[in-house]
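Source file: query-v1.pdb (PDB, C-alpha atoms)
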```pdb
ATOM      1  CA  MET X   1     -12.711  28.071 -43.013
ATOM      2  CA  SER X   2      -9.963  25.440 -42.809
ATOM      3  CA  SER X   3      -6.959  25.875 -40.568
ATOM      4  CA  PRO X   4      -3.689  26.939 -42.227
ATOM      5  CA  THR X   5      -1.277  24.123 -43.022
ATOM      6  CA  ILE X   6       2.492  23.765 -43.174
ATOM      7  CA  TYR X   7       2.192  24.187 -46.967
ATOM      8  CA  ASP X   8       0.491  27.580 -46.512
ATOM      9  CA  VAL X   9       3.297  28.730 -44.246
ATOM     10  CA  ALA X  10       5.932  27.506 -46.724
ATOM     11  CA  ARG X  11       4.282  29.444 -49.567
ATOM     12  CA  ARG X  12       3.985  32.619 -47.466
ATOM     13  CA  ALA X  13       7.606  32.431 -46.307
ATOM     14  CA  GLY X  14       8.949  31.329 -49.687
ATOM     15  CA  VAL X  15      10.674  28.222 -48.315
ATOM     16  CA  ALA X  16      10.319  24.449 -48.553
ATOM     17  CA  THR X  17       7.964  22.624 -46.203
ATOM     18  CA  SER X  18      10.956  20.817 -44.711
ATOM     19  CA  THR X  19      12.371  24.205 -43.702
ATOM     20  CA  VAL X  20       9.123  25.076 -41.916
ATOM     21  CA  SER X  21       9.304  21.768 -40.089
ATOM     22  CA  ARG X  22      12.886  22.430 -38.992
ATOM     23  CA  ALA X  23      11.984  25.951 -37.852
ATOM     24  CA  PHE X  24       9.697  24.443 -35.208
ATOM     25  CA  SER X  25      11.404  21.151 -34.397
ATOM     26  CA  THR X  26      15.168  21.690 -34.892
ATOM     27  CA  PRO X  27      15.712  25.456 -35.230
ATOM     28  CA  GLY X  28      19.488  25.079 -34.945
ATOM     29  CA  ARG X  29      19.575  23.503 -38.396
ATOM     30  CA  ILE X  30      18.427  26.645 -40.254
ATOM     31  CA  GLY X  31      19.592  30.253 -40.303
ATOM     32  CA  GLU X  32      18.146  32.731 -37.831
ATOM     33  CA  ALA X  33      16.830  35.020 -40.578
ATOM     34  CA  THR X  34      15.065  32.118 -42.310
ATOM     35  CA  ARG X  35      13.528  30.912 -39.042
ATOM     36  CA  ALA X  36      12.306  34.433 -38.266
ATOM     37  CA  ARG X  37      10.650  34.610 -41.705
ATOM     38  CA  VAL X  38       8.917  31.265 -41.122
ATOM     39  CA  LEU X  39       7.712  32.264 -37.646
ATOM     40  CA  ASP X  40       6.381  35.574 -38.969
ATOM     41  CA  ALA X  41       4.483  33.765 -41.717
ATOM     42  CA  ALA X  42       3.059  31.273 -39.224
ATOM     43  CA  ARG X  43       1.968  34.104 -36.934
ATOM     44  CA  GLU X  44       0.288  36.005 -39.764
ATOM     45  CA  LEU X  45      -1.619  32.905 -40.860
ATOM     46  CA  GLY X  46      -2.471  31.738 -37.348
ATOM     47  CA  TYR X  47      -0.669  28.449 -37.915
ATOM     48  CA  GLU X  48      -0.156  26.108 -34.944
ATOM     49  CA  PRO X  49       2.269  23.192 -35.464
ATOM     50  CA  ASN X  50       0.805  19.741 -34.845
ATOM     51  CA  PRO X  51       2.432  18.434 -31.649
ATOM     52  CA  HIS X  52       2.225  14.841 -32.873
ATOM     53  CA  ALA X  53       3.948  15.699 -36.135
ATOM     54  CA  ARG X  54       6.600  17.670 -34.257
ATOM     55  CA  ALA X  55       7.169  14.696 -31.986
ATOM     56  CA  LEU X  56       8.297  12.624 -34.964
ATOM     57  CA  THR X  57      11.325  14.851 -35.477
ATOM     58  CA  SER X  58      11.906  16.502 -32.090
ATOM     59  CA  ARG X  59      10.950  13.436 -30.026
ATOM     60  CA  ARG X  60       8.893  15.795 -27.875
ATOM     61  CA  THR X  61       5.163  15.294 -27.423
ATOM     62  CA  GLN X  62       4.355  18.331 -25.235
ATOM     63  CA  THR X  63       2.663  15.808 -22.941
ATOM     64  CA  LEU X  64       3.305  14.928 -19.295
ATOM     65  CA  ALA X  65       1.950  11.927 -17.411
ATOM     66  CA  MET X  66       0.823  12.182 -13.795
ATOM     67  CA  VAL X  67       0.505   8.786 -12.135
ATOM     68  CA  VAL X  68      -1.459   8.793  -8.858
ATOM     69  CA  SER X  69      -1.768   5.867  -6.471
ATOM     70  CA  ASP X  70      -5.575   6.141  -6.138
ATOM     71  CA  ILE X  71      -7.584   8.564  -8.270
ATOM     72  CA  THR X  72     -10.654   8.172  -6.014
ATOM     73  CA  ASN X  73      -8.821   9.777  -3.076
ATOM     74  CA  PRO X  74      -9.945  13.443  -2.794
ATOM     75  CA  HIS X  75      -6.465  14.302  -1.545
ATOM     76  CA  PHE X  76      -5.283  14.227  -5.155
ATOM     77  CA  PHE X  77      -7.924  16.645  -6.490
ATOM     78  CA  GLU X  78      -6.034  19.857  -5.659
ATOM     79  CA  LEU X  79      -2.712  18.246  -6.517
ATOM     80  CA  ILE X  80      -3.972  17.372  -9.988
ATOM     81  CA  ARG X  81      -5.563  20.792 -10.462
ATOM     82  CA  GLY X  82      -2.326  22.603  -9.643
ATOM     83  CA  ALA X  83      -0.304  20.368 -11.948
ATOM     84  CA  GLU X  84      -2.793  20.702 -14.799
ATOM     85  CA  MET X  85      -2.918  24.496 -14.569
ATOM     86  CA  ARG X  86       0.884  24.796 -14.672
ATOM     87  CA  ALA X  87       1.167  22.318 -17.545
ATOM     88  CA  LYS X  88      -1.479  24.203 -19.515
ATOM     89  CA  ALA X  89       0.354  27.495 -18.965
ATOM     90  CA  ALA X  90       3.426  25.888 -20.554
ATOM     91  CA  ARG X  91       1.269  24.569 -23.422
ATOM     92  CA  TYR X  92       1.667  20.986 -22.275
ATOM     93  CA  THR X  93      -1.061  18.371 -21.976
ATOM     94  CA  LEU X  94      -1.305  16.484 -18.681
ATOM     95  CA  VAL X  95      -2.343  12.833 -18.911
ATOM     96  CA  LEU X  96      -3.738  11.334 -15.701
ATOM     97  CA  VAL X  97      -3.084   7.688 -14.816
ATOM     98  CA  ASN X  98      -4.647   5.728 -11.948
ATOM     99  CA  ALA X  99      -2.337   3.112 -10.419
ATOM    100  CA  GLU X 100      -5.161   1.652  -8.283
ATOM    101  CA  GLU X 101      -2.764   1.245  -5.315
ATOM    102  CA  SER X 102      -0.999  -1.452  -7.352
ATOM    103  CA  PRO X 103       2.784  -1.328  -7.933
ATOM    104  CA  ARG X 104       2.312  -3.702 -10.879
ATOM    105  CA  ILE X 105      -0.283  -1.506 -12.607
ATOM    106  CA  GLU X 106       1.793   1.588 -11.909
ATOM    107  CA  LEU X 107       4.902   0.152 -13.552
ATOM    108  CA  GLU X 108       2.942  -1.228 -16.514
ATOM    109  CA  GLN X 109       1.366   2.163 -17.178
ATOM    110  CA  VAL X 110       4.700   3.970 -16.977
ATOM    111  CA  GLN X 111       6.253   1.499 -19.427
ATOM    112  CA  ARG X 112       3.269   1.800 -21.779
ATOM    113  CA  LEU X 113       3.461   5.605 -21.830
ATOM    114  CA  SER X 114       7.245   5.861 -21.987
ATOM    115  CA  ARG X 115       7.309   6.770 -25.701
ATOM    116  CA  SER X 116       4.215   8.972 -25.586
ATOM    117  CA  VAL X 117       5.145  11.541 -22.941
ATOM    118  CA  ASP X 118       8.074  13.845 -22.185
ATOM    119  CA  GLY X 119       8.209  13.113 -18.469
ATOM    120  CA  PHE X 120       6.466  11.655 -15.432
ATOM    121  CA  LEU X 121       5.027  12.988 -12.199
ATOM    122  CA  LEU X 122       4.771  10.000  -9.845
ATOM    123  CA  ALA X 123       2.418  10.822  -6.965
ATOM    124  CA  ALA X 124       2.609   8.664  -3.822
ATOM    125  CA  SER X 125       4.336   5.950  -5.846
ATOM    126  CA  ARG X 126       4.256   2.432  -4.398
ATOM    127  CA  GLN X 127       7.256   1.290  -6.455
ATOM    128  CA  PRO X 128      10.478   0.070  -4.842
ATOM    129  CA  ALA X 129      13.146   2.782  -4.972
ATOM    130  CA  GLU X 130      15.307   0.773  -7.372
ATOM    131  CA  ASN X 131      12.484   0.677  -9.946
ATOM    132  CA  LEU X 132      12.033   4.432  -9.707
ATOM    133  CA  VAL X 133      15.743   5.024 -10.230
ATOM    134  CA  LYS X 134      15.578   2.878 -13.380
ATOM    135  CA  VAL X 135      12.610   4.857 -14.722
ATOM    136  CA  ALA X 136      14.413   8.129 -13.998
ATOM    137  CA  ALA X 137      17.454   6.862 -15.906
ATOM    138  CA  GLU X 138      15.332   6.793 -19.063
ATOM    139  CA  HIS X 139      12.909   9.701 -18.544
ATOM    140  CA  PRO X 140      12.632  12.964 -16.617
ATOM    141  CA  VAL X 141      10.815  12.126 -13.365
ATOM    142  CA  VAL X 142       9.608  14.135 -10.387
ATOM    143  CA  MET X 143       8.393  12.342  -7.277
ATOM    144  CA  VAL X 144       5.348  13.809  -5.529
ATOM    145  CA  ASN X 145       4.670  13.028  -1.860
ATOM    146  CA  ARG X 146       7.643  10.723  -1.839
ATOM    147  CA  GLN X 147      11.407  11.120  -1.647
ATOM    148  CA  VAL X 148      14.017   8.902  -3.289
ATOM    149  CA  PRO X 149      17.739   9.739  -2.987
ATOM    150  CA  GLY X 150      18.999  11.254  -6.224
ATOM    151  CA  LEU X 151      15.530  12.017  -7.654
ATOM    152  CA  ALA X 152      13.707  15.343  -7.740
ATOM    153  CA  SER X 153      10.738  15.506  -5.379
ATOM    154  CA  VAL X 154       8.035  17.741  -3.943
ATOM    155  CA  VAL X 155       6.300  16.898  -0.660
ATOM    156  CA  VAL X 156       4.193  18.572   1.984
ATOM    157  CA  GLU X 157       6.426  18.857   5.042
ATOM    158  CA  HIS X 158       5.325  16.274   7.601
ATOM    159  CA  THR X 159       8.064  15.913  10.223
ATOM    160  CA  GLU X 160       7.322  19.242  11.902
ATOM    161  CA  GLY X 161       3.616  18.775  11.176
ATOM    162  CA  CYS X 162       3.565  15.449  13.015
ATOM    163  CA  ARG X 163       5.426  17.044  15.902
ATOM    164  CA  GLN X 164       2.748  19.759  16.125
ATOM    165  CA  MET X 165       0.053  17.097  15.990
ATOM    166  CA  VAL X 166       1.559  15.135  18.872
ATOM    167  CA  ALA X 167       2.228  18.338  20.815
ATOM    168  CA  HIS X 168      -1.438  19.282  20.399
ATOM    169  CA  LEU X 169      -2.592  15.938  21.791
ATOM    170  CA  ALA X 170      -0.097  16.177  24.658
ATOM    171  CA  SER X 171      -1.358  19.665  25.537
ATOM    172  CA  LEU X 172      -4.882  18.242  25.846
ATOM    173  CA  GLY X 173      -3.699  15.686  28.392
ATOM    174  CA  HIS X 174      -3.278  12.595  26.219
ATOM    175  CA  THR X 175      -0.524  10.226  27.314
ATOM    176  CA  SER X 176      -0.793   7.611  24.556
ATOM    177  CA  VAL X 177      -1.300   7.678  20.785
ATOM    178  CA  VAL X 178      -1.793   5.034  18.111
ATOM    179  CA  TYR X 179      -0.891   5.541  14.462
ATOM    180  CA  LEU X 180      -3.186   3.698  12.052
ATOM    181  CA  ALA X 181      -0.729   3.088   9.240
ATOM    182  CA  GLY X 182      -1.405   3.168   5.517
ATOM    183  CA  PRO X 183      -0.261   0.704   2.836
ATOM    184  CA  PRO X 184       2.850  -1.333   3.651
ATOM    185  CA  ASN X 185       4.671  -0.026   0.548
ATOM    186  CA  SER X 186       3.814   3.620   1.265
ATOM    187  CA  TRP X 187       6.892   5.793   1.828
ATOM    188  CA  MET X 188       4.715   8.431   3.461
ATOM    189  CA  ALA X 189       3.247   5.915   5.937
ATOM    190  CA  ALA X 190       6.726   4.942   7.111
ATOM    191  CA  SER X 191       7.875   8.572   7.299
ATOM    192  CA  ARG X 192       4.842   9.682   9.274
ATOM    193  CA  TRP X 193       5.225   6.855  11.765
ATOM    194  CA  ALA X 194       8.889   7.734  12.307
ATOM    195  CA  ALA X 195       7.971  11.392  12.898
ATOM    196  CA  ILE X 196       5.098  10.501  15.247
ATOM    197  CA  ARG X 197       7.256   8.064  17.207
ATOM    198  CA  ASP X 198      10.023  10.639  17.641
ATOM    199  CA  ALA X 199       7.587  13.383  18.643
ATOM    200  CA  ALA X 200       5.884  11.098  21.169
ATOM    201  CA  ALA X 201       9.250  10.396  22.778
ATOM    202  CA  GLU X 202       9.954  14.136  22.902
ATOM    203  CA  TYR X 203       6.660  14.896  24.677
ATOM    204  CA  GLY X 204       6.615  11.826  26.931
ATOM    205  CA  LEU X 205       3.759   9.976  25.232
ATOM    206  CA  THR X 206       3.487   6.264  24.512
ATOM    207  CA  ALA X 207       3.178   5.606  20.772
ATOM    208  CA  VAL X 208       2.159   2.374  19.038
ATOM    209  CA  ARG X 209       1.526   1.508  15.416
ATOM    210  CA  ALA X 210      -1.407  -0.544  14.118
ATOM    211  CA  GLY X 211      -2.026  -1.748  10.594
ATOM    212  CA  PRO X 212      -1.301  -1.490   7.756
ATOM    213  CA  PHE X 213      -4.757  -0.475   6.534
ATOM    214  CA  THR X 214      -6.093   0.411   3.107
ATOM    215  CA  PRO X 215      -6.562   4.196   3.416
ATOM    216  CA  THR X 216     -10.283   4.381   2.624
ATOM    217  CA  VAL X 217     -13.465   5.097   4.572
ATOM    218  CA  GLY X 218     -14.551   1.484   4.194
ATOM    219  CA  HIS X 219     -11.510   0.195   6.076
ATOM    220  CA  GLY X 220     -11.967   2.634   8.930
ATOM    221  CA  GLY X 221     -14.044   0.131  10.904
ATOM    222  CA  ALA X 222     -11.237  -2.388  11.249
ATOM    223  CA  ALA X 223      -8.799   0.424  11.981
ATOM    224  CA  ALA X 224     -11.030   1.812  14.744
ATOM    225  CA  ASP X 225     -11.375  -1.617  16.363
ATOM    226  CA  ALA X 226      -7.592  -2.013  16.307
ATOM    227  CA  ALA X 227      -7.146   1.447  17.845
ATOM    228  CA  ILE X 228      -9.567   0.687  20.683
ATOM    229  CA  ARG X 229      -7.703  -2.528  21.501
ATOM    230  CA  THR X 230      -4.491  -0.555  22.102
ATOM    231  CA  GLY X 231      -6.130   1.562  24.810
ATOM    232  CA  ALA X 232      -4.646   4.761  23.332
ATOM    233  CA  THR X 233      -6.741   7.916  23.718
ATOM    234  CA  GLY X 234      -5.165   9.711  20.749
ATOM    235  CA  ILE X 235      -5.827   8.147  17.332
ATOM    236  CA  ILE X 236      -3.825   9.351  14.328
ATOM    237  CA  ALA X 237      -5.066   7.930  11.019
ATOM    238  CA  HIS X 238      -2.929   7.677   7.865
ATOM    239  CA  ASN X 239      -5.296   9.974   5.968
ATOM    240  CA  ASP X 240      -8.635  11.741   6.316
ATOM    241  CA  LEU X 241     -10.580   9.015   4.513
ATOM    242  CA  LEU X 242      -9.440   6.406   7.020
ATOM    243  CA  ALA X 243     -10.077   8.852   9.879
ATOM    244  CA  ILE X 244     -13.661   9.455   8.719
ATOM    245  CA  GLY X 245     -14.233   5.689   8.625
ATOM    246  CA  VAL X 246     -12.810   5.509  12.169
ATOM    247  CA  LEU X 247     -15.236   8.206  13.334
ATOM    248  CA  ARG X 248     -18.178   6.245  11.930
ATOM    249  CA  ARG X 249     -17.123   3.034  13.646
ATOM    250  CA  LEU X 250     -16.524   4.781  16.964
ATOM    251  CA  ALA X 251     -20.018   6.277  16.789
ATOM    252  CA  ASP X 252     -21.456   2.805  16.155
ATOM    253  CA  ARG X 253     -19.630   1.534  19.227
ATOM    254  CA  SER X 254     -20.805   4.513  21.337
ATOM    255  CA  VAL X 255     -17.234   5.729  21.830
ATOM    256  CA  ARG X 256     -17.350   9.502  22.312
ATOM    257  CA  VAL X 257     -15.139  11.746  20.172
ATOM    258  CA  PRO X 258     -13.411  13.686  21.639
ATOM    259  CA  GLY X 259     -14.832  12.744  25.054
ATOM    260  CA  ASP X 260     -13.280   9.281  25.137
ATOM    261  CA  VAL X 261     -10.739   9.450  22.322
ATOM    262  CA  SER X 262      -9.430  12.095  19.932
ATOM    263  CA  VAL X 263      -9.003  11.466  16.199
ATOM    264  CA  VAL X 264      -6.623  13.204  13.805
ATOM    265  CA  GLY X 265      -6.119  12.707  10.055
ATOM    266  CA  PHE X 266      -3.869  13.911   7.236
ATOM    267  CA  ASP X 267      -4.546  15.903   4.032
ATOM    268  CA  ASP X 268      -7.432  18.245   5.031
ATOM    269  CA  ILE X 269      -9.751  17.051   2.265
ATOM    270  CA  PHE X 270     -13.064  18.902   1.839
ATOM    271  CA  ALA X 271     -14.980  16.193   3.732
ATOM    272  CA  ALA X 272     -12.892  16.806   6.869
ATOM    273  CA  ASP X 273     -14.995  19.912   7.545
ATOM    274  CA  LEU X 274     -18.276  18.140   6.791
ATOM    275  CA  CYS X 275     -18.093  14.953   8.892
ATOM    276  CA  SER X 276     -19.331  14.722  12.479
ATOM    277  CA  PRO X 277     -17.450  15.674  14.521
ATOM    278  CA  ARG X 278     -15.416  17.859  12.212
ATOM    279  CA  LEU X 279     -11.956  16.387  11.774
ATOM    280  CA  THR X 280      -8.689  17.815  13.064
ATOM    281  CA  THR X 281      -6.115  17.179  10.348
ATOM    282  CA  LEU X 282      -2.702  18.099   8.969
ATOM    283  CA  GLY X 283      -3.136  19.842   5.625
ATOM    284  CA  GLY X 284      -1.127  21.888   3.169
ATOM    285  CA  ALA X 285      -1.360  23.771  -0.126
ATOM    286  CA  HIS X 286      -1.605  20.695  -2.353
ATOM    287  CA  ALA X 287      -2.255  22.718  -5.516
ATOM    288  CA  ASN X 288       1.138  24.350  -4.966
ATOM    289  CA  VAL X 289       2.704  20.896  -4.736
ATOM    290  CA  GLY X 290       1.335  20.046  -8.180
ATOM    291  CA  ARG X 291       2.510  23.334  -9.655
ATOM    292  CA  ALA X 292       5.997  23.020  -8.198
ATOM    293  CA  ALA X 293       6.337  19.445  -9.450
ATOM    294  CA  VAL X 294       5.487  20.473 -13.020
ATOM    295  CA  GLU X 295       7.920  23.402 -12.816
ATOM    296  CA  ILE X 296      10.765  21.056 -11.891
ATOM    297  CA  LEU X 297       9.768  18.512 -14.532
ATOM    298  CA  LEU X 298       9.711  21.145 -17.281
ATOM    299  CA  GLU X 299      13.225  22.226 -16.261
ATOM    300  CA  SER X 300      14.363  18.602 -16.564
ATOM    301  CA  ILE X 301      12.982  17.953 -20.041
ATOM    302  CA  GLY X 302      15.683  18.191 -22.670
ATOM    303  CA  ALA X 303      18.503  18.353 -20.134
ATOM    304  CA  PRO X 304      21.136  15.576 -20.099
ATOM    305  CA  ARG X 305      20.488  13.144 -17.281
ATOM    306  CA  ASP X 306      23.543  14.207 -15.312
ATOM    307  CA  LEU X 307      22.447  17.860 -15.553
ATOM    308  CA  ARG X 308      18.808  17.406 -14.600
ATOM    309  CA  PRO X 309      17.802  19.353 -11.471
ATOM    310  CA  VAL X 310      17.274  17.170  -8.382
ATOM    311  CA  PRO X 311      15.738  19.538  -5.823
ATOM    312  CA  GLU X 312      13.936  18.107  -2.804
ATOM    313  CA  VAL X 313      11.180  20.647  -2.158
ATOM    314  CA  ALA X 314       9.146  20.532   1.070
ATOM    315  CA  LEU X 315       6.181  22.913   1.167
ATOM    316  CA  PRO X 316       4.757  23.927   4.562
ATOM    317  CA  SER X 317       2.023  21.947   6.294
ATOM    318  CA  GLU X 318      -0.693  23.303   8.590
ATOM    319  CA  LEU X 319      -2.430  21.660  11.537
ATOM    320  CA  VAL X 320      -6.134  22.475  11.211
ATOM    321  CA  LEU X 321      -7.875  22.185  14.595
ATOM    322  CA  ARG X 322     -11.516  21.119  14.593
ATOM    323  CA  ASP X 323     -13.908  19.227  16.867
ATOM    324  CA  SER X 324     -12.443  15.702  16.815
ATOM    325  CA  THR X 325      -9.702  16.508  19.358
ATOM    326  CA  GLY X 326     -10.142  17.370  23.025
ATOM    327  CA  SER X 327      -9.136  16.378  26.527
ATOM    328  CA  PRO X 328      -9.773  12.698  27.317
ATOM    329  CA  GLY X 329     -12.768  12.352  29.632
ATOM    330  CA  SER X 330     -14.179  15.718  28.563
ATOM    331  CA  THR X 331     -17.681  16.422  27.328
ATOM    332  CA  PRO X 332     -17.746  16.396  23.518
ATOM    333  CA  ARG X 333     -18.112  19.808  21.967
ATOM    334  CA  GLU X 334     -21.241  20.686  20.067
ATOM    335  CA  ASP X 335     -20.989  19.810  16.376
ATOM    336  CA  HIS X 336     -20.847  22.884  14.124
ATOM    337  CA  SER X 337     -21.122  21.166  10.769
TER     338      SER X 337
END
```
What do you get writing this file as structure tokens?
Amino acid sequence: MSSPTIYDVARRAGVATSTVSRAFSTPGRIGEATRARVLDAARELGYEPNPHARALTSRRTQTLAMVVSDITNPHFFELIRGAEMRAKAARYTLVLVNAEESPRIELEQVQRLSRSVDGFLLAASRQPAENLVKVAAEHPVVMVNRQVPGLASVVVEHTEGCRQMVAHLASLGHTSVVYLAGPPNSWMAASRWAAIRDAAAEYGLTAVRAGPFTPTVGHGGAAADAAIRTGATGIIAHNDLLAIGVLRRLADRSVRVPGDVSVVGFDDIFAADLCSPRLTTLGGAHANVGRAAVEILLESIGAPRDLRPVPEVALPSELVLRDSTGSPGSTPREDHS
């Protein structure tokens, strides 16, 4: 049995097909009684308006684009899942775009999709702030895991989280930490380093920064070698992937974790509980970040630019303690993985 068409609805409601179209796309252009009759007919027939056809008149596509800096990073899995579930609940389609850690690719993809989507979620964007402001001048935009003055954003709180991380290392007897930084154009890398540096000063620790490093397991070897050269006993990696690569390299060099050095990561990806030793890390409810970002974006769509909401939402983080942190010079704990 074929699906009902706009012509079937028009016949049932006793109106022209153009009236049916207006009832769904520009309801203000027809009377309330007529629109109610059209909607009743559509409901009785089980008619669903074609979103692409509606987009021709309403300029809405019921589609959102989520641009992530690196789709292979497990950190984004929960973020994407939360965003997709909230978009689906609002009857929107979420299109996923991989920027491949490239500002050029990211901007090209945004420009290519600009007429095909109703708004953008930009996750861990590597774009200069001025480019993001220009994009937001043309389209509803919500930043995810990044903040830009004047733009809506959702992040996992990291200032207090970094303070807890440093406090944890200080309580174990560490007197020096090294931050293995992420990409040079990463807003989060700069923000985390500032928070770590301030917390180290508060607790009387020496803090140094090494890098930048590509935040993947494969680049953990170079990061670990750089960390060892600093002499720091507390190693804080930009993310869990880099931290896991550091753990592998330290094992190859017979450096005990946490007996000789402690290692901490960010994001609490699923592998953090599976590596050896299990990784201490700063996590958060990333699915909630995705949901909140879509909520804000949906509120922005259709609103004049000067009336779009610009909340800066920071969801709580959580320091998850596992086996990769301990007192320097201690005997490593037994692995429980």
For this session: Using the chain letters and residue numbers of this document, give as a ChimeraX atom specification the residues selected by the PyMOL selection byres ((chain X and resi 236-245) around 8).
Result: /X:73,177-182,189,214-221,223-224,234-235,246-249,263-269,272,275,279,281
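Each of X:Ser176, X:Ser171, X:Thr93, X:Gln164 was checked against Ala232 (chain X) using all atoms listed in the file; the smallest atom-to-atom distance is that of X:Ser176.
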Edge lengths and centre in Å to one decimal, as JSON, is what I'm after for the box along x, y and z that holds all listed atoms of region 198-205 of chain X once 5 Å is added on each side.
```
{"center_x": 6.9, "center_y": 12.4, "center_z": 22.3, "size_x": 16.3, "size_y": 14.9, "size_z": 19.3}
```
Seminar exercise, completed: From the list X:Arg43, X:His174, X:His286, X:Arg112, the nearest residue to Val261 (chain X) using all atoms listed in the file is X:His174
Problem set entry | Residues within 7 Å of Asn145 (chain X), only C-alpha atoms, excluding chain neighbours under 3 positions, as a PyMOL selection string | chain X and resi 123-124+154-156
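Proximity ranking of X:Glu106, X:Asp260, X:Glu312, X:Glu299 relative to Ile228 (chain X) places X:Asp260 first, based on all atoms listed in the file.
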Exercise. Could you state the separation of CA of Ala129 (chain X) and CA of Ser153 (chain X) in Å, given to one decimal place?
Worked result: 13.0 Å
Exercise. What gap, in Å, lies between CA of Leu64 (chain X) and CA of Ala136 (chain X)?
Worked result: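 CA of Leu64 (chain X) sits 14.1 Å away from CA of Ala136 (chain X).
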Report the closest atom pair, with its distance in Å rounded to one decimal, for each residue of region 111-178 of chain X that has an atom no farther than 7 Å from region 193-196 of chain X; count all atoms listed in the file, sort by chain and then rising residue number, and write it as a tab-separated table.
```
residue	atom	partner	partner_atom	distance
X:Thr159	CA	X:Ala195	CA	5.3
X:Cys162	CA	X:Ile196	CA	5.6
X:Arg163	CA	X:Ile196	CA	6.6
X:Val166	CA	X:Ile196	CA	6.9
```
Exercise. When you draw a straight line from CA of Ser125 (chain X) to CA of Leu107 (chain X), how long is it in Å?
Worked result: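 Between CA of Ser125 (chain X) and CA of Leu107 (chain X) the gap is 9.7 Å.
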Exercise. Hey, which of X:Leu151, X:Leu319, X:Leu172, X:Leu297 ends up closest to Ala285 (chain X)? Count all atoms listed in the file.
Worked result: X:Leu319
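Against this structure, the PyMOL selection byres ((chain X and resi 138-142) around 7) ends up with Gly119, Phe120, Leu121, Leu122, Lys134, Val135, Ala136, Ala137, Met143, Val144, Leu151, Ala152, Ser153, Ala293, Leu297, Ser300 and Ile301 of chain X.
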For this session: Find the residue from X:Glu48, X:Asp323, X:Glu160, X:Glu78 that sits nearest to Ile6 (chain X); use only C-alpha atoms when measuring.
Result: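 The shortest atom-to-atom distance to Ile6 (chain X) comes from X:Glu48.
With only C-alpha atoms taken into account, the protein and nucleic acid residues at most 6 Å from Leu94 (chain X) (excluding it and anything under 6 positions from it in its own chain) are Thr63, Leu64, Ala65 and Glu84 of chain X.
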Suppose we keep C-alpha atoms; can you now write the selection as a CSV table (one decimal), in the coordinates of the input?
```csv
chain,number,residue,atom,x,y,z
X,63,THR,CA,2.7,15.8,-22.9
X,64,LEU,CA,3.3,14.9,-19.3
X,65,ALA,CA,2.0,11.9,-17.4
X,84,GLU,CA,-2.8,20.7,-14.8
```
How would you write as a PDB file with C-alpha atoms, in the coordinates of the input the residues that get within 8 Å of (10.8, 6.2, 1.2) in the file's frame, counting only C-alpha atoms?
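What ended up in out00.pdb:
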```pdb
ATOM      1  CA  ALA X 129      13.146   2.782  -4.972  1.00  0.00           C
ATOM      2  CA  ARG X 146       7.643  10.723  -1.839  1.00  0.00           C
ATOM      3  CA  GLN X 147      11.407  11.120  -1.647  1.00  0.00           C
ATOM      4  CA  VAL X 148      14.017   8.902  -3.289  1.00  0.00           C
ATOM      5  CA  SER X 186       3.814   3.620   1.265  1.00  0.00           C
ATOM      6  CA  TRP X 187       6.892   5.793   1.828  1.00  0.00           C
ATOM      7  CA  MET X 188       4.715   8.431   3.461  1.00  0.00           C
ATOM      8  CA  ALA X 190       6.726   4.942   7.111  1.00  0.00           C
ATOM      9  CA  SER X 191       7.875   8.572   7.299  1.00  0.00           C
TER      10      SER X 191
END
```
Exercise. Which of these residues is nearest to Thr233 (chain X), using all atoms listed in the file: X:Pro258, X:Asp252, X:Ser18, X:Pro183?
Worked result: X:Pro258
How would you write, as a short mmCIF file (atom, residue, chain, number, x, y, z; two decimals) with C-alpha atoms, keeping the file's coordinate frame, the residues chosen by the PyMOL selection byres ((chain X and resi 35) around 12) on this structure?
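Saved to expr.cif:
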```
data_model
loop_
_atom_site.label_atom_id
_atom_site.label_comp_id
_atom_site.auth_asym_id
_atom_site.auth_seq_id
_atom_site.Cartn_x
_atom_site.Cartn_y
_atom_site.Cartn_z
CA VAL X 9 3.30 28.73 -44.25
CA ALA X 10 5.93 27.51 -46.72
CA ALA X 13 7.61 32.43 -46.31
CA GLY X 14 8.95 31.33 -49.69
CA VAL X 15 10.67 28.22 -48.32
CA ALA X 16 10.32 24.45 -48.55
CA SER X 18 10.96 20.82 -44.71
CA THR X 19 12.37 24.20 -43.70
CA VAL X 20 9.12 25.08 -41.92
CA SER X 21 9.30 21.77 -40.09
CA ARG X 22 12.89 22.43 -38.99
CA ALA X 23 11.98 25.95 -37.85
CA PHE X 24 9.70 24.44 -35.21
CA SER X 25 11.40 21.15 -34.40
CA THR X 26 15.17 21.69 -34.89
CA PRO X 27 15.71 25.46 -35.23
CA GLY X 28 19.49 25.08 -34.94
CA ARG X 29 19.58 23.50 -38.40
CA ILE X 30 18.43 26.64 -40.25
CA GLY X 31 19.59 30.25 -40.30
CA GLU X 32 18.15 32.73 -37.83
CA ALA X 33 16.83 35.02 -40.58
CA THR X 34 15.06 32.12 -42.31
CA ALA X 36 12.31 34.43 -38.27
CA ARG X 37 10.65 34.61 -41.70
CA VAL X 38 8.92 31.26 -41.12
CA LEU X 39 7.71 32.26 -37.65
CA ASP X 40 6.38 35.57 -38.97
CA ALA X 41 4.48 33.76 -41.72
CA ALA X 42 3.06 31.27 -39.22
#
```
For this session: Just give me the residues with any atom within 12 Å of (3.0, -2.4, -11.5), file coordinates, counting only C-alpha atoms, written as a ChimeraX atom specification.
Result: /X:67,69,98-112,125-128,131-132
